[in-house]
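Notes for the one structure printed next.
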Amino acid sequence: MTRVPVLEIGGTHVTAALVDTATGLPVAGSVARRPVPAHAGATEILDRFAEAARHTRAPAQAHWGVAIPGPFDYAAGIGKFRGIGKFEALHDLDVGAQLRERLPHPRTVTFLNDADAFALGEHHGGAAAGRNRSVCLTLGTGVGSSFLCDGRPVTSGPTVPPGGRAHRIGIDGLPLEEVVSRQAIRTRYARAAGLHHVAEGPDVSAIADLARRGDRHAAETISGCFTALGRALAPWCAAFQPDIMVIGGSMAKSFDLIGPELRAGLTTGAGTTGPQARRTVAAMELRTARRPDDAPLIGAAHWALGHRTQGEPPVASTAAPTPGAATRAPQP
């Protein structure tokens with residue numbers, strides 16, 4: 001039995017755990033979640049990571065898997081967080097070297113994107129298990145994404161957005177996250193409801209509750225944002241030809257509302273690219289994550305266990321683009 005220590009780093013938290021390769025799940029009692037002050041200095045941020053890591057009782061000379069959001073140089077282990085409002089103190093810092101000084105008994109530290117970690121976790125033990133090709137989304141503050149082929153993230157080629165990241169897609173002349181994100185949803189609702197300031201209005205979960213109770217402005221907000229997300233993703237789904245799309249993140253709790261709207265947008269978007277695209281998207285299953293909390297931990301463990309060192313890149317796309325699929329979205 002092998003137990004792989006992992007860290008899953010978010011914008012405001014860090015979670016540490018040991019993942020048991022026999023069960024594919026975090027070991028009971030090993031999971032520690034700690035808040036992280038994203039605007040603090042580098043020493044305080046890194047010490048918080050280490051504080052959570054010490055709880056795992058990791059074996060000596062372990063391969064650590066670390067899931068962390070971008071922008072980040074995953075091969076070199078260096079932060080690239082300039083101008084995004086979080087972890088600015090880690091910009092251009094060798095986070096790998098700093099963690100090796102702080103983590104208990106590390107042998108190596110292997111980094112991967114947090115959305116890829118989520119997708120790999122769902123591939124190995126969740127909703128995408130047994131699927132050859134999948135698109136996994138995390139919907140929360142923004143739109144995280146991973147396009148998986150045979151359990152490997154696809155980050156280049158004509159069948160995926162630039163870098164394999166959906167947030168680089170544009171829709172209706174705007175960057176995707178100006179149309180679908182926590183801030184975008186709150187802004188759209190505030191405008192519809194005639195509020196003077198976004199801060200006066202409800203957060204996304206409350207907007208969803210209002211929509212369930214028949215609030216017209218809330219329902220129109222949910223519909224407009226998530227049909228737009230579907231339209232933006234449809235050409236890429238037609239090109240990548242996934243078997244399933246898995247939805248995670250905090251907004252997945254409102255899948256009863258966003259699921260039908262996302263499906264409607266996918267259908268509309270595919271309809272503009274030809275009959276084959278419509279058939280491909282119609283055949284794609286749409287589900288919520290099976291292991292929404294554990295998936296990033298499981299994915300990080302599999303990445304580390306596969307001895308994918310910091311220098312090994314993800315795979316390029318292997319499928320030819322569907323005829324009539326949309327051209328590549330402009331990079332920001």
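Here, A, B, ... name the chains of the structure tokens in the order displayed, residue numbers run from 1 inside each chain, and ligands are numbered from 1 in the same displayed order.
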
Distance query segment 299-302 of chain A at most 9 Å, only C-alpha atoms, self and fewer than 4 positions along chain excluded, as a VMD selection string
chain A and resid 3 to 8 18 to 21 24 63 to 67 110 to 112 114 116 to 124 294 to 295 306 to 307

Please dump the current selection as a tab-separated table (two decimals), in the first residue's frame; keep C-alpha atoms.
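Result went into part-v6.tsv, see below:
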chain	number	residue	atom	x	y	z
A	3	ARG	CA	0.15	6.65	0.75
A	4	VAL	CA	0.80	9.81	-1.25
A	5	PRO	CA	0.88	13.18	0.53
A	6	VAL	CA	-0.81	16.03	-1.31
A	7	LEU	CA	-1.67	19.70	-1.00
A	8	GLU	CA	-4.61	21.35	-2.71
A	18	LEU	CA	-2.61	11.40	2.50
A	19	VAL	CA	-4.22	9.51	-0.37
A	20	ASP	CA	-4.28	5.72	-0.09
A	21	THR	CA	-3.56	4.20	-3.48
A	24	GLY	CA	-7.98	5.70	-4.11
A	63	HIS	CA	6.69	12.36	-3.54
A	64	TRP	CA	4.33	15.26	-2.83
A	65	GLY	CA	1.63	16.26	-5.30
A	66	VAL	CA	0.63	19.92	-5.14
A	67	ALA	CA	-2.44	21.28	-6.93
A	110	THR	CA	5.30	17.88	-8.33
A	111	PHE	CA	2.90	20.67	-9.27
A	112	LEU	CA	-0.23	20.62	-11.40
A	114	ASP	CA	-5.92	22.77	-9.64
A	116	ASP	CA	-6.47	19.42	-13.83
A	117	ALA	CA	-6.22	17.89	-10.35
A	118	PHE	CA	-10.00	18.02	-10.01
A	119	ALA	CA	-10.44	16.43	-13.44
A	120	LEU	CA	-7.93	13.66	-12.72
A	121	GLY	CA	-9.67	12.90	-9.45
A	122	GLU	CA	-13.02	12.58	-11.20
A	123	HIS	CA	-11.35	10.45	-13.88
A	124	HIS	CA	-9.84	8.02	-11.40
A	294	ASP	CA	-11.82	14.86	-2.65
A	295	ALA	CA	-11.22	14.98	-6.40
A	306	GLY	CA	2.86	8.56	-11.91
A	307	HIS	CA	6.37	10.02	-11.38

Selection: 7 Å around Thr15 of chain A, only C-alpha atoms, excl. self and same-chain fewer than 6 positions, as an MDAnalysis selection string
chainID A and resid 7:9 31:34 52

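With atom CA of Pro71 of chain A on one side and atom CA of Val180 of chain A on the other, the separation reads 19.4 Å.
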
Excluding Ile45 of chain A and any residue of its chain fewer than 5 positions from it, enumerate the residues within 9 Å of it, using only C-alpha atoms, and give them as a list in words.
Val36, Pro37, Ala38, His39, Ala40, Ala50, Phe87, Ala89 and Leu90 of chain A

Here is a test: counting only C-alpha atoms, which residue of A:Ser146, A:Ser250, A:Ser134, A:Thr141 is nearest to Ala115 of chain A?
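Of A:Ser146, A:Ser250, A:Ser134, A:Thr141, the one nearest Ala115 of chain A is A:Ser146, counting only C-alpha atoms.
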
Within 8 Å of segment 228-242 of chain A using only C-alpha atoms, minus same-chain residues under 6 positions, as a PyMOL selection string
chain A and resi 132-135+158-161+166+169-171+176+179-180+261-270+273+276-278+280-281+284+319-322+325-326

Step one, run DSSP on the backbone; step two, keep only residues of segment 102-268 of chain A assigned to helix (DSSP H, G or I); then write them as a VMD selection string.
chain A and resid 102 114 to 125 162 to 164 166 to 168 176 to 178 182 to 193 198 to 200 204 to 212 216 to 240 250 to 268

So what do you get for atom CA of Ala58 of chain A versus atom CA of Asp150 of chain A, distance-wise?
29.3 Å
